[in-house]
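The structure appears right after this line, and notes come after that.
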2 protein chains.
Amino acid sequence: MVLTIDTPALAGLLGRVGVERFLRELADRTEADFAKWPTFEKSARLAAHSNVGVLELMPTSNEEWFSFKLVNGHPGNPAAGLLTVTAIGMLADVATGYPRLISEMTVLTALRTAATSAMAARRLASPGAKTMALIGTGAQSEYQALAFRACLGINSIRYFDTDAAAMAKFARNLAASGLELTACSSVAAAVAGADIITTATAAKRTQVVLADELVAAGVHINAIGGDCPGKTELDPKLLARARIFVEYLPQTRIEGDIQSLGPEAEATELWAVIAGRATGRTSRQDITIFDSVGFALEDYSALRYVYDKARELGIGRLLPLVPEPKDPKDLYGYVLGLGA
Amino acid sequence: MVLTIDTPALAGLLGRVGVERFLRELADRTEADFAKWPTFEKSARLAAHSNVGVLELMPTSNEEWFSFKLVNGHPGNPAAGLLTVTAIGMLADVATGYPRLISEMTVLTALRTAATSAMAARRLASPGAKTMALIGTGAQSEYQALAFRACLGINSIRYFDTDAAAMAKFARNLAASGLELTACSSVAAAVAGADIITTATAAKRTQVVLADELVAAGVHINAIGGDCPGKTELDPKLLARARIFVEYLPQTRIEGDIQSLGPEAEATELWAVIAGRATGRTSRQDITIFDSVGFALEDYSALRYVYDKARELGIGRLLPLVPEPKDPKDLYGYVLGLGA
C-alpha cells in the first residue's frame with residue numbers, strides 16, 4: 001500500500017499541526033539532513049525542455065530513502081488560469097525498493113522553501129534580527145513571513161509588491177496572525193531599517209529588484225526569486241561585497257543569482273556551515289546572502305516529514321499501487337483474481 | 001485532478017478490455033511510437049544503487065507528453081515475500097506541465113514487455129510461425145504466451161522451467177485459454193521444432209540458458225531475461241551467428257545479452273526496421289534475436305494507452321493532487337480554505 005497525500009489531505013495536516021509548528025519542525029528536519037549532506041546521492045535535475053516550459057525530475061537518496069519530485073515551470077500558465085509551477089513527490093524505501101508515499105508537492109514546495117529560508121537565516125542573520133522586508137507578496141510570501149517568525153522570532157514585516165492586489169491579499173491573509181505588517185510604497189521604503197530582506201519576485205528576466213545602495217551593512221538577504229537561467233533579482237555590485245551561501249554550488253552557478261558572476265562564481269555551500277566545516281557570518285557588519293534555488297534534499301526532508309506526520313495523525317489514503325500476490329511468480333493469477 | 005490507476009483498477013480495465021485485445025492494441029501503439037523514435041527525448045536510466053538493489057527513474061518525452069517510471073530491482077525481496085520488481089508510472093502534459101496520470105506499473109510492465117516482444121516478433125519471425133518455446137514460466141510467461149497468440153497467431157506453446165511448481169502454475173492459468181500447451185522436461189525438448197523461442201528466466205547471473213547447438217536456422221529468439229549487467233541467457237556463439245535487434249543500443253550494450261560481446265557490440269535498433277530504415281529478417285534461414293531489456297518509450301506507450309482506455313471506460317480515481325486556487329498568487333488562502 002502506498003500512502004497518498006493529495007492537496008486537501010496536506011491542507012488538513014497543516015491545519016492539525018499548525019502552520020508555524022509545521023514550518024519550525026520542517027526547518028529542524030531540513031537542518032539535520034543538511035548536516036548529513038555528504039551521505040546523500042546528489043545529481044543535477046533531469047530536465048525536458050519544450051518551447052513553453054520545462055518538466056524536471058529532482059531525485060536524491062541516502063541509505064534509507066529514495067525521493068524525487070516531478071516539477072514543471074510554465075510561465076505562460078497564469079494567462080490560462082493555471083499555476084506556473086506544480087509538483088508531485090514520491091518516497092521509496094531503499095531496503096526493499098517499494099514506493100511508500102505519493103504526495104502533492106505544489107503547496108509542500110512553498111512550505112519547504114520557507115522552512116529552508118528560515119533555517120538558513122537562523123544561521124546567517126545577525127543575532128537579534130526583528131524586522132524583515134518582504135519584496136514580492138506572491139504565493140510564497142505568507143509562508144516566508146510565518147517561517148521567519150516561527151524560527152527566528154521576526155515579528156515585523158515591511159512588504160512591497162508591484163501588484164497592489166497581491167499586497168492586499170498578503171495583508172488580508174495575515175491580518176489575524178499578530179504579525180506587525182507595514183505596507184510600503186517601494187523597495188527602498190520596505191528595506192529601510194530591515195534586518196533581513198527576502199526577495200521573492202516572479203518576473204522571469206535578469207533584473208535588479210534589490211539595488212546595491214539600498215542595502216546596509218549587517219543585513220541578511222534571503223534571495224529566493226532568482227532561481228533559473230535568465231532570472232535574477234540582485235545587483236551584481238551587491239553580490240560582490242557580500243558573503244554568499246548556496247545549496248549546491250554546481251546547480252546554483254547555473255540557476256541562482258550568482259549566474260551574473262559567471263560560471264566560476266564562488267560561494268559557500270550552506271551544509272558546510274551547518275556541519276561546522278565553514279564559517280557563516282563573521283561579524284555584525286557582514287552582508288550575508290542565501291542565494292536559494294531549491295534543492296532535491298529539501299524535498300527529501302519535506303516528504304519524510306509529511307510521511308511521518310501523516311502516519312502519526314492518520315491522514316491520507318492508502319492506495320493498492322503495488323500487487324501483493326501470494327506467489328510472486330503468479331502475477332497473472334493474482335491480477336485475474338482482482339479483476340473478477 | 002490526476003487520474004490514478006491502482007492495481008485493482010488496472011485489473012478491472014484488463015477484465016473489461018480483455019487481456020489479448022489489450023496486448024494487441026498496446027503492441028500497435030508501441031509500434032506506432034517506435035516508428036516516431038527520433039522525435040522522442042531519450043536518456044539513460046537515472047539509477048540509485050544500494051548494496052541490496054537499485055531504484056531507477058526512466059523518463060522519456062515528445063512534444064505532447066512527458067512520461068517516467070519509478071522502478072526497483074531487489075533480488076533478495078522474494079525471500080521476504082516481496083516482489084523483486086515493482087513500479088509506478090506517471091504522465092504529464094508537456095503544454096501545461098500538469099501531471100495527468102499516476103498508474104501502478106508492476107503489472108503494466110509485464111503487459112508492455114509482452115506487447116513489445118510480440119510487436120518485435122511480428123517484424124522479425126519467419127512468416128507462418130506457429131509454435132513458441134517458452135523457457136521460464138515466471139511472472140511474465142502467461143502474458144508472453146497470450147501476446148504471441150494475439151499478435152502472431154501462435155497457438156502452440158512448448159514450455160520448460162527448472163521450477164516444477166511454476167510450470168504447474170503456468171498450465172493452470174492457461175488451461176482454459178485454448179492454447180495447445182506442451183510441458184517439456186528440458187530446454188532442448190522445449191525448443192525442438194519451435195519457430196520462436198522466448199527466454200524469460202530470472203537467475204541473476206551470466207549463464208547459458210539457450211545453447212547454440214539447440215537453435216535451428218530460421219528461428220526467432222525473444223530474449224527478455226538477460227536485462228541487466230551480469231545477467232545473460234544466450235550462448236555467445238549463438239549471438240555470433242544471429243542477426244541481433246535491440247531497443248536502444250547504448251543501453252543494451254550494458255544491460256542486454258550482447259554485453260557478452262563487449263562494449264563495441266553492434267546490433268540494429270528495432271525502430272529502424274519499423275521505420276523502414278533498416279532490414280529485419282533477410283531470409284527464412286536467418287536466426288533473429290530481439291535482445292530486449294525494456295526501454296522508457298515502451299512505458300510511455302503503455303501509460304498513454306492506459307490513460308486513454310481508463311478515461312473511455314470511466315476507470316480509476318480522480319485525485320486532487322494539484323491545487324486549483326482562483327488566484328494563483330493566493331496559495332495560502334486557498335490552502336487555509338481547504339483545511340477549514
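Chain lettering (A, B, ...) mirrors the order of the C-alpha cells, residue numbering begins at 1 for each chain separately, and ligand numbering begins at 1 in order of display.
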
Would you write out chain B as a JSON list (two decimals) with C-alpha atoms, in the first residue's frame, after superposing it on chain A by least squares over all in-order Cα pairs?
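Once everything was written out, this is part-v3.json:
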```json
[["chain", "number", "residue", "atom", "x", "y", "z"],
["B", 1, "MET", "CA", -0.02, -0.02, 0.00],
["B", 2, "VAL", "CA", 1.22, 3.45, -0.86],
["B", 3, "LEU", "CA", 0.21, 6.40, 1.32],
["B", 4, "THR", "CA", -1.24, 9.12, -0.88],
["B", 5, "ILE", "CA", -1.48, 12.73, 0.27],
["B", 6, "ASP", "CA", -3.49, 14.94, -2.04],
["B", 7, "THR", "CA", -3.78, 18.70, -1.62],
["B", 8, "PRO", "CA", -6.83, 18.59, 0.68],
["B", 9, "ALA", "CA", -5.05, 15.98, 2.83],
["B", 10, "LEU", "CA", -1.97, 18.19, 3.09],
["B", 11, "ALA", "CA", -4.17, 21.16, 3.97],
["B", 12, "GLY", "CA", -5.81, 19.03, 6.66],
["B", 13, "LEU", "CA", -2.43, 18.00, 8.02],
["B", 14, "LEU", "CA", -1.33, 21.62, 8.07],
["B", 15, "GLY", "CA", -4.49, 22.54, 9.95],
["B", 16, "ARG", "CA", -3.93, 19.81, 12.54],
["B", 17, "VAL", "CA", -0.25, 20.56, 13.10],
["B", 18, "GLY", "CA", -0.46, 24.34, 12.72],
["B", 19, "VAL", "CA", 1.43, 26.20, 9.99],
["B", 20, "GLU", "CA", 4.16, 27.65, 12.21],
["B", 21, "ARG", "CA", 4.83, 24.40, 14.06],
["B", 22, "PHE", "CA", 4.95, 22.60, 10.69],
["B", 23, "LEU", "CA", 7.48, 25.14, 9.37],
["B", 24, "ARG", "CA", 9.62, 25.02, 12.53],
["B", 25, "GLU", "CA", 9.70, 21.22, 12.67],
["B", 26, "LEU", "CA", 10.43, 21.04, 8.95],
["B", 27, "ALA", "CA", 13.26, 23.58, 9.30],
["B", 28, "ASP", "CA", 14.76, 21.39, 12.05],
["B", 29, "ARG", "CA", 14.45, 18.27, 9.88],
["B", 30, "THR", "CA", 15.98, 20.04, 6.90],
["B", 31, "GLU", "CA", 18.86, 21.30, 9.02],
["B", 32, "ALA", "CA", 19.52, 17.79, 10.36],
["B", 33, "ASP", "CA", 19.54, 16.40, 6.80],
["B", 34, "PHE", "CA", 21.85, 19.21, 5.58],
["B", 35, "ALA", "CA", 24.25, 18.26, 8.40],
["B", 36, "LYS", "CA", 24.47, 14.78, 6.79],
["B", 37, "TRP", "CA", 24.90, 16.27, 3.30],
["B", 38, "PRO", "CA", 27.88, 14.09, 2.24],
["B", 39, "THR", "CA", 25.83, 10.91, 2.82],
["B", 40, "PHE", "CA", 23.26, 11.83, 0.12],
["B", 41, "GLU", "CA", 23.45, 10.97, -3.58],
["B", 42, "LYS", "CA", 23.20, 14.27, -5.41],
["B", 43, "SER", "CA", 22.64, 14.86, -9.09],
["B", 44, "ALA", "CA", 21.56, 17.66, -11.37],
["B", 45, "ARG", "CA", 17.90, 17.86, -12.25],
["B", 46, "LEU", "CA", 16.82, 15.76, -15.19],
["B", 47, "ALA", "CA", 15.03, 18.28, -17.38],
["B", 48, "ALA", "CA", 12.87, 18.03, -20.50],
["B", 49, "HIS", "CA", 12.51, 21.43, -22.14],
["B", 50, "SER", "CA", 9.80, 22.46, -24.61],
["B", 51, "ASN", "CA", 9.17, 25.85, -26.15],
["B", 52, "VAL", "CA", 6.55, 26.66, -23.48],
["B", 53, "GLY", "CA", 8.20, 25.32, -20.34],
["B", 54, "VAL", "CA", 10.15, 22.61, -18.61],
["B", 55, "LEU", "CA", 9.42, 19.35, -16.79],
["B", 56, "GLU", "CA", 12.01, 18.12, -14.31],
["B", 57, "LEU", "CA", 12.75, 15.16, -12.10],
["B", 58, "MET", "CA", 14.72, 16.03, -8.95],
["B", 59, "PRO", "CA", 15.96, 12.88, -7.18],
["B", 60, "THR", "CA", 18.15, 12.29, -4.16],
["B", 61, "SER", "CA", 18.74, 9.36, -1.83],
["B", 62, "ASN", "CA", 20.64, 8.11, 1.16],
["B", 63, "GLU", "CA", 20.93, 4.63, 2.68],
["B", 64, "GLU", "CA", 17.32, 4.67, 3.83],
["B", 65, "TRP", "CA", 15.15, 6.57, 1.38],
["B", 66, "PHE", "CA", 14.98, 7.49, -2.28],
["B", 67, "SER", "CA", 12.96, 10.61, -3.02],
["B", 68, "PHE", "CA", 12.15, 12.59, -6.10],
["B", 69, "LYS", "CA", 9.91, 15.38, -7.24],
["B", 70, "LEU", "CA", 8.28, 15.85, -10.63],
["B", 71, "VAL", "CA", 8.00, 19.60, -11.14],
["B", 72, "ASN", "CA", 7.15, 21.85, -14.06],
["B", 73, "GLY", "CA", 7.77, 25.50, -14.86],
["B", 74, "HIS", "CA", 5.42, 27.12, -17.40],
["B", 75, "PRO", "CA", 5.50, 30.94, -17.34],
["B", 76, "GLY", "CA", 2.51, 31.18, -19.70],
["B", 77, "ASN", "CA", 0.20, 29.14, -17.47],
["B", 78, "PRO", "CA", -1.34, 32.01, -15.43],
["B", 79, "ALA", "CA", -2.76, 33.53, -18.62],
["B", 80, "ALA", "CA", -4.79, 30.30, -18.92],
["B", 81, "GLY", "CA", -5.77, 30.33, -15.25],
["B", 82, "LEU", "CA", -3.21, 27.65, -14.38],
["B", 83, "LEU", "CA", -0.32, 27.59, -11.93],
["B", 84, "THR", "CA", 3.19, 28.31, -13.23],
["B", 85, "VAL", "CA", 4.64, 25.54, -11.06],
["B", 86, "THR", "CA", 3.02, 22.30, -9.91],
["B", 87, "ALA", "CA", 4.73, 19.30, -8.37],
["B", 88, "ILE", "CA", 4.25, 15.76, -7.13],
["B", 89, "GLY", "CA", 6.76, 13.93, -4.93],
["B", 90, "MET", "CA", 7.43, 10.33, -4.01],
["B", 91, "LEU", "CA", 9.37, 8.37, -1.41],
["B", 92, "ALA", "CA", 10.61, 4.80, -1.85],
["B", 93, "ASP", "CA", 12.22, 2.53, 0.71],
["B", 94, "VAL", "CA", 15.81, 1.76, -0.31],
["B", 95, "ALA", "CA", 15.90, -1.60, 1.55],
["B", 96, "THR", "CA", 13.01, -3.13, -0.44],
["B", 97, "GLY", "CA", 12.64, -0.68, -3.33],
["B", 98, "TYR", "CA", 8.92, -0.38, -2.55],
["B", 99, "PRO", "CA", 7.21, 2.98, -3.05],
["B", 100, "ARG", "CA", 5.77, 4.29, 0.24],
["B", 101, "LEU", "CA", 4.46, 7.81, -0.35],
["B", 102, "ILE", "CA", 2.98, 9.87, -3.16],
["B", 103, "SER", "CA", 2.35, 13.47, -2.15],
["B", 104, "GLU", "CA", 1.14, 16.65, -3.71],
["B", 105, "MET", "CA", 4.16, 18.96, -3.73],
["B", 106, "THR", "CA", 2.88, 22.25, -5.07],
["B", 107, "VAL", "CA", 1.91, 23.51, -1.63],
["B", 108, "LEU", "CA", 4.59, 21.40, 0.04],
["B", 109, "THR", "CA", 7.27, 23.07, -2.10],
["B", 110, "ALA", "CA", 6.18, 26.51, -0.87],
["B", 111, "LEU", "CA", 6.38, 25.19, 2.70],
["B", 112, "ARG", "CA", 9.79, 23.61, 2.26],
["B", 113, "THR", "CA", 11.15, 26.72, 0.56],
["B", 114, "ALA", "CA", 10.04, 28.86, 3.51],
["B", 115, "ALA", "CA", 11.42, 26.36, 6.03],
["B", 116, "THR", "CA", 14.76, 26.28, 4.22],
["B", 117, "SER", "CA", 14.91, 30.09, 4.03],
["B", 118, "ALA", "CA", 14.31, 30.38, 7.77],
["B", 119, "MET", "CA", 16.75, 27.56, 8.55],
["B", 120, "ALA", "CA", 19.47, 29.38, 6.59],
["B", 121, "ALA", "CA", 18.63, 32.77, 8.13],
["B", 122, "ARG", "CA", 18.81, 31.26, 11.63],
["B", 123, "ARG", "CA", 22.47, 30.51, 10.84],
["B", 124, "LEU", "CA", 23.35, 33.61, 8.85],
["B", 125, "ALA", "CA", 21.34, 36.63, 10.04],
["B", 126, "SER", "CA", 22.65, 38.93, 12.78],
["B", 127, "PRO", "CA", 21.55, 37.78, 16.23],
["B", 128, "GLY", "CA", 18.55, 39.73, 17.43],
["B", 129, "ALA", "CA", 17.07, 40.41, 13.99],
["B", 130, "LYS", "CA", 13.50, 41.64, 14.46],
["B", 131, "THR", "CA", 12.33, 43.10, 11.14],
["B", 132, "MET", "CA", 12.09, 41.56, 7.69],
["B", 133, "ALA", "CA", 11.48, 43.32, 4.40],
["B", 134, "LEU", "CA", 9.49, 41.15, 2.00],
["B", 135, "ILE", "CA", 9.81, 42.11, -1.66],
["B", 136, "GLY", "CA", 7.16, 40.20, -3.58],
["B", 137, "THR", "CA", 3.91, 39.10, -1.95],
["B", 138, "GLY", "CA", 3.02, 36.22, -4.25],
["B", 139, "ALA", "CA", 2.29, 32.57, -3.49],
["B", 140, "GLN", "CA", 5.37, 32.12, -1.24],
["B", 141, "SER", "CA", 5.03, 35.26, 0.84],
["B", 142, "GLU", "CA", 2.78, 34.26, 3.76],
["B", 143, "TYR", "CA", 4.77, 31.06, 4.33],
["B", 144, "GLN", "CA", 8.02, 33.06, 4.35],
["B", 145, "ALA", "CA", 6.64, 35.50, 6.92],
["B", 146, "LEU", "CA", 5.37, 32.73, 9.19],
["B", 147, "ALA", "CA", 8.55, 30.64, 8.89],
["B", 148, "PHE", "CA", 10.69, 33.61, 9.95],
["B", 149, "ARG", "CA", 8.52, 34.23, 12.97],
["B", 150, "ALA", "CA", 8.47, 30.53, 13.87],
["B", 151, "CYS", "CA", 12.24, 30.05, 13.54],
["B", 152, "LEU", "CA", 13.75, 33.48, 14.30],
["B", 153, "GLY", "CA", 11.09, 35.43, 16.18],
["B", 154, "ILE", "CA", 10.69, 38.02, 13.40],
["B", 155, "ASN", "CA", 7.56, 39.97, 14.38],
["B", 156, "SER", "CA", 7.64, 42.88, 11.99],
["B", 157, "ILE", "CA", 7.21, 42.62, 8.21],
["B", 158, "ARG", "CA", 7.67, 45.56, 5.82],
["B", 159, "TYR", "CA", 6.28, 44.48, 2.44],
["B", 160, "PHE", "CA", 6.14, 45.69, -1.14],
["B", 161, "ASP", "CA", 4.92, 44.31, -4.45],
["B", 162, "THR", "CA", 4.35, 45.98, -7.81],
["B", 163, "ASP", "CA", 0.90, 44.33, -7.75],
["B", 164, "ALA", "CA", -1.35, 46.19, -5.29],
["B", 165, "ALA", "CA", -3.85, 43.32, -5.29],
["B", 166, "ALA", "CA", -1.13, 40.91, -4.19],
["B", 167, "MET", "CA", -0.21, 43.27, -1.35],
["B", 168, "ALA", "CA", -3.85, 43.44, -0.24],
["B", 169, "LYS", "CA", -4.09, 39.65, -0.37],
["B", 170, "PHE", "CA", -0.97, 39.31, 1.80],
["B", 171, "ALA", "CA", -2.31, 41.75, 4.38],
["B", 172, "ARG", "CA", -5.71, 40.03, 4.42],
["B", 173, "ASN", "CA", -4.26, 36.55, 4.86],
["B", 174, "LEU", "CA", -2.05, 37.59, 7.78],
["B", 175, "ALA", "CA", -4.40, 40.13, 9.39],
["B", 176, "ALA", "CA", -5.17, 37.84, 12.31],
["B", 177, "SER", "CA", -1.62, 36.49, 12.66],
["B", 178, "GLY", "CA", -0.39, 39.01, 15.21],
["B", 179, "LEU", "CA", 2.48, 40.00, 12.92],
["B", 180, "GLU", "CA", 3.16, 43.71, 12.68],
["B", 181, "LEU", "CA", 2.60, 44.40, 8.97],
["B", 182, "THR", "CA", 3.76, 47.58, 7.24],
["B", 183, "ALA", "CA", 2.73, 48.17, 3.64],
["B", 184, "CYS", "CA", 5.45, 50.08, 1.77],
["B", 185, "SER", "CA", 5.30, 52.02, -1.47],
["B", 186, "SER", "CA", 8.66, 50.96, -2.87],
["B", 187, "VAL", "CA", 11.52, 48.52, -2.42],
["B", 188, "ALA", "CA", 13.56, 51.34, -0.87],
["B", 189, "ALA", "CA", 10.86, 52.08, 1.68],
["B", 190, "ALA", "CA", 10.45, 48.41, 2.56],
["B", 191, "VAL", "CA", 14.12, 47.66, 3.15],
["B", 192, "ALA", "CA", 14.80, 50.81, 5.20],
["B", 193, "GLY", "CA", 15.80, 49.58, 8.65],
["B", 194, "ALA", "CA", 15.12, 45.90, 7.94],
["B", 195, "ASP", "CA", 17.49, 43.31, 9.45],
["B", 196, "ILE", "CA", 16.55, 40.70, 6.86],
["B", 197, "ILE", "CA", 15.46, 41.20, 3.24],
["B", 198, "THR", "CA", 13.57, 38.46, 1.41],
["B", 199, "THR", "CA", 13.28, 38.83, -2.36],
["B", 200, "ALA", "CA", 10.60, 36.57, -3.80],
["B", 201, "THR", "CA", 9.57, 38.07, -7.10],
["B", 202, "ALA", "CA", 8.39, 36.14, -10.14],
["B", 203, "ALA", "CA", 9.45, 38.27, -13.12],
["B", 204, "LYS", "CA", 11.28, 35.91, -15.42],
["B", 205, "ARG", "CA", 14.22, 38.01, -16.50],
["B", 206, "THR", "CA", 17.55, 39.38, -15.39],
["B", 207, "GLN", "CA", 16.76, 42.44, -13.33],
["B", 208, "VAL", "CA", 17.79, 44.39, -10.28],
["B", 209, "VAL", "CA", 14.97, 44.05, -7.77],
["B", 210, "LEU", "CA", 17.35, 45.02, -4.99],
["B", 211, "ALA", "CA", 19.89, 47.73, -5.78],
["B", 212, "ASP", "CA", 23.25, 47.73, -4.03],
["B", 213, "GLU", "CA", 22.87, 51.19, -2.47],
["B", 214, "LEU", "CA", 19.70, 50.17, -0.59],
["B", 215, "VAL", "CA", 21.46, 47.53, 1.49],
["B", 216, "ALA", "CA", 23.07, 48.52, 4.77],
["B", 217, "ALA", "CA", 25.89, 46.64, 6.48],
["B", 218, "GLY", "CA", 24.81, 43.72, 8.66],
["B", 219, "VAL", "CA", 21.75, 42.76, 6.64],
["B", 220, "HIS", "CA", 20.93, 39.15, 5.70],
["B", 221, "ILE", "CA", 19.37, 38.69, 2.26],
["B", 222, "ASN", "CA", 17.16, 35.70, 1.57],
["B", 223, "ALA", "CA", 17.07, 35.62, -2.24],
["B", 224, "ILE", "CA", 14.59, 33.04, -3.46],
["B", 225, "GLY", "CA", 13.23, 34.56, -6.69],
["B", 226, "GLY", "CA", 16.38, 34.31, -8.81],
["B", 227, "ASP", "CA", 16.15, 30.59, -9.43],
["B", 228, "CYS", "CA", 16.63, 29.72, -13.08],
["B", 229, "PRO", "CA", 18.83, 30.71, -16.01],
["B", 230, "GLY", "CA", 17.95, 34.24, -17.10],
["B", 231, "LYS", "CA", 16.08, 35.09, -13.86],
["B", 232, "THR", "CA", 17.93, 37.14, -11.25],
["B", 233, "GLU", "CA", 16.99, 39.75, -8.64],
["B", 234, "LEU", "CA", 20.18, 41.08, -7.05],
["B", 235, "ASP", "CA", 22.52, 43.86, -8.13],
["B", 236, "PRO", "CA", 25.89, 42.31, -9.14],
["B", 237, "LYS", "CA", 27.60, 45.07, -7.09],
["B", 238, "LEU", "CA", 25.74, 43.79, -4.04],
["B", 239, "LEU", "CA", 26.91, 40.24, -4.72],
["B", 240, "ALA", "CA", 30.48, 41.52, -4.93],
["B", 241, "ARG", "CA", 30.52, 42.89, -1.36],
["B", 242, "ALA", "CA", 28.51, 40.13, 0.33],
["B", 243, "ARG", "CA", 29.28, 36.70, 1.78],
["B", 244, "ILE", "CA", 27.26, 34.33, -0.43],
["B", 245, "PHE", "CA", 25.82, 30.98, 0.64],
["B", 246, "VAL", "CA", 24.16, 28.46, -1.65],
["B", 247, "GLU", "CA", 22.62, 25.01, -1.56],
["B", 248, "TYR", "CA", 24.58, 23.07, -4.21],
["B", 249, "LEU", "CA", 27.17, 25.18, -5.98],
["B", 250, "PRO", "CA", 27.19, 23.39, -9.40],
["B", 251, "GLN", "CA", 23.41, 23.96, -9.65],
["B", 252, "THR", "CA", 23.35, 27.51, -8.26],
["B", 253, "ARG", "CA", 26.02, 28.71, -10.68],
["B", 254, "ILE", "CA", 23.51, 27.97, -13.45],
["B", 255, "GLU", "CA", 20.23, 28.83, -11.75],
["B", 256, "GLY", "CA", 20.93, 31.30, -8.95],
["B", 257, "ASP", "CA", 21.64, 35.00, -8.68],
["B", 258, "ILE", "CA", 25.36, 34.23, -8.86],
["B", 259, "GLN", "CA", 24.89, 33.32, -12.53],
["B", 260, "SER", "CA", 25.58, 37.03, -13.12],
["B", 261, "LEU", "CA", 29.11, 36.47, -11.71],
["B", 262, "GLY", "CA", 29.92, 33.91, -14.41],
["B", 263, "PRO", "CA", 30.49, 30.15, -14.41],
["B", 264, "GLU", "CA", 33.42, 30.32, -11.98],
["B", 265, "ALA", "CA", 31.44, 32.12, -9.25],
["B", 266, "GLU", "CA", 32.46, 31.13, -5.75],
["B", 267, "ALA", "CA", 30.15, 30.71, -2.78],
["B", 268, "THR", "CA", 29.95, 28.65, 0.41],
["B", 269, "GLU", "CA", 27.61, 25.65, 0.50],
["B", 270, "LEU", "CA", 25.21, 26.08, 3.41],
["B", 271, "TRP", "CA", 25.57, 22.48, 4.61],
["B", 272, "ALA", "CA", 29.24, 23.16, 5.38],
["B", 273, "VAL", "CA", 28.25, 25.96, 7.76],
["B", 274, "ILE", "CA", 25.70, 23.70, 9.43],
["B", 275, "ALA", "CA", 28.21, 20.86, 9.72],
["B", 276, "GLY", "CA", 30.82, 23.22, 11.24],
["B", 277, "ARG", "CA", 33.13, 22.95, 8.25],
["B", 278, "ALA", "CA", 32.80, 26.52, 7.03],
["B", 279, "THR", "CA", 32.23, 29.92, 8.57],
["B", 280, "GLY", "CA", 28.89, 31.71, 8.22],
["B", 281, "ARG", "CA", 28.61, 35.32, 9.34],
["B", 282, "THR", "CA", 31.92, 36.67, 10.68],
["B", 283, "SER", "CA", 30.76, 40.01, 12.14],
["B", 284, "ARG", "CA", 27.74, 42.25, 12.65],
["B", 285, "GLN", "CA", 28.90, 44.21, 9.60],
["B", 286, "ASP", "CA", 28.78, 41.34, 7.09],
["B", 287, "ILE", "CA", 26.14, 41.34, 4.41],
["B", 288, "THR", "CA", 25.13, 37.70, 4.02],
["B", 289, "ILE", "CA", 23.14, 36.34, 1.07],
["B", 290, "PHE", "CA", 21.40, 32.98, 0.84],
["B", 291, "ASP", "CA", 21.12, 32.56, -2.94],
["B", 292, "SER", "CA", 18.47, 29.84, -2.84],
["B", 293, "VAL", "CA", 17.24, 27.96, -5.91],
["B", 294, "GLY", "CA", 15.74, 24.87, -4.25],
["B", 295, "PHE", "CA", 17.45, 21.53, -3.98],
["B", 296, "ALA", "CA", 16.28, 17.91, -4.00],
["B", 297, "LEU", "CA", 17.41, 17.34, -0.41],
["B", 298, "GLU", "CA", 14.84, 19.90, 0.79],
["B", 299, "ASP", "CA", 12.14, 17.86, -0.94],
["B", 300, "TYR", "CA", 13.50, 14.72, 0.70],
["B", 301, "SER", "CA", 13.24, 16.34, 4.14],
["B", 302, "ALA", "CA", 9.71, 17.60, 3.39],
["B", 303, "LEU", "CA", 8.48, 14.24, 2.10],
["B", 304, "ARG", "CA", 9.97, 12.39, 5.07],
["B", 305, "TYR", "CA", 8.37, 14.87, 7.48],
["B", 306, "VAL", "CA", 4.96, 14.62, 5.82],
["B", 307, "TYR", "CA", 5.18, 10.82, 5.72],
["B", 308, "ASP", "CA", 5.87, 10.61, 9.46],
["B", 309, "LYS", "CA", 3.28, 13.23, 10.42],
["B", 310, "ALA", "CA", 0.55, 11.80, 8.19],
["B", 311, "ARG", "CA", 1.00, 8.32, 9.64],
["B", 312, "GLU", "CA", 1.07, 9.71, 13.17],
["B", 313, "LEU", "CA", -2.18, 11.59, 12.59],
["B", 314, "GLY", "CA", -3.87, 9.02, 10.35],
["B", 315, "ILE", "CA", -4.08, 11.42, 7.40],
["B", 316, "GLY", "CA", -4.06, 10.35, 3.74],
["B", 317, "ARG", "CA", -5.30, 7.42, 1.73],
["B", 318, "LEU", "CA", -3.63, 4.01, 1.39],
["B", 319, "LEU", "CA", -3.79, 3.00, -2.27],
["B", 320, "PRO", "CA", -3.04, -0.53, -3.56],
["B", 321, "LEU", "CA", -0.47, 0.63, -6.11],
["B", 322, "VAL", "CA", 1.73, -2.45, -5.64],
["B", 323, "PRO", "CA", 0.47, -6.00, -6.24],
["B", 324, "GLU", "CA", 0.58, -8.40, -3.31],
["B", 325, "PRO", "CA", 0.42, -11.88, -4.85],
["B", 326, "LYS", "CA", 0.89, -14.86, -2.53],
["B", 327, "ASP", "CA", 3.18, -16.41, -5.16],
["B", 328, "PRO", "CA", 5.45, -13.76, -6.75],
["B", 329, "LYS", "CA", 5.57, -15.90, -9.91],
["B", 330, "ASP", "CA", 1.79, -15.87, -10.21],
["B", 331, "LEU", "CA", 1.17, -12.26, -11.15],
["B", 332, "TYR", "CA", -1.25, -13.43, -13.85],
["B", 333, "GLY", "CA", -3.45, -15.41, -11.46],
["B", 334, "TYR", "CA", -3.35, -12.60, -8.93],
["B", 335, "VAL", "CA", -4.50, -10.01, -11.48],
["B", 336, "LEU", "CA", -7.21, -12.35, -12.78],
["B", 337, "GLY", "CA", -8.48, -12.69, -9.20],
["B", 338, "LEU", "CA", -8.59, -8.91, -8.72],
["B", 339, "GLY", "CA", -10.44, -8.30, -11.97],
["B", 340, "ALA", "CA", -13.13, -10.92, -11.28]]
```

Quiz prompt | DSSP strand (DSSP E) selection over segment 210-338 of chain B, as number ranges by chain | solution = B: 210, 220-223, 232-234, 243-246, 268-269, 288-291, 317-319

Practice problem: Taking the chain letters and numbering used in this document, name the residues of segment 168-294 of chain B that DSSP puts in alpha helix (DSSP H), as a list in words. | Solution: Ala168, Lys169, Phe170, Ala171, Arg172, Asn173, Val187, Ala188, Ala189, Ala190, Val191, Pro236, Lys237, Leu238, Leu239, Ala240, Leu249, Pro250, Gln251, Thr252, Arg253, Ile254, Glu255, Leu270, Trp271, Ala272, Val273 and Ile274 of chain B
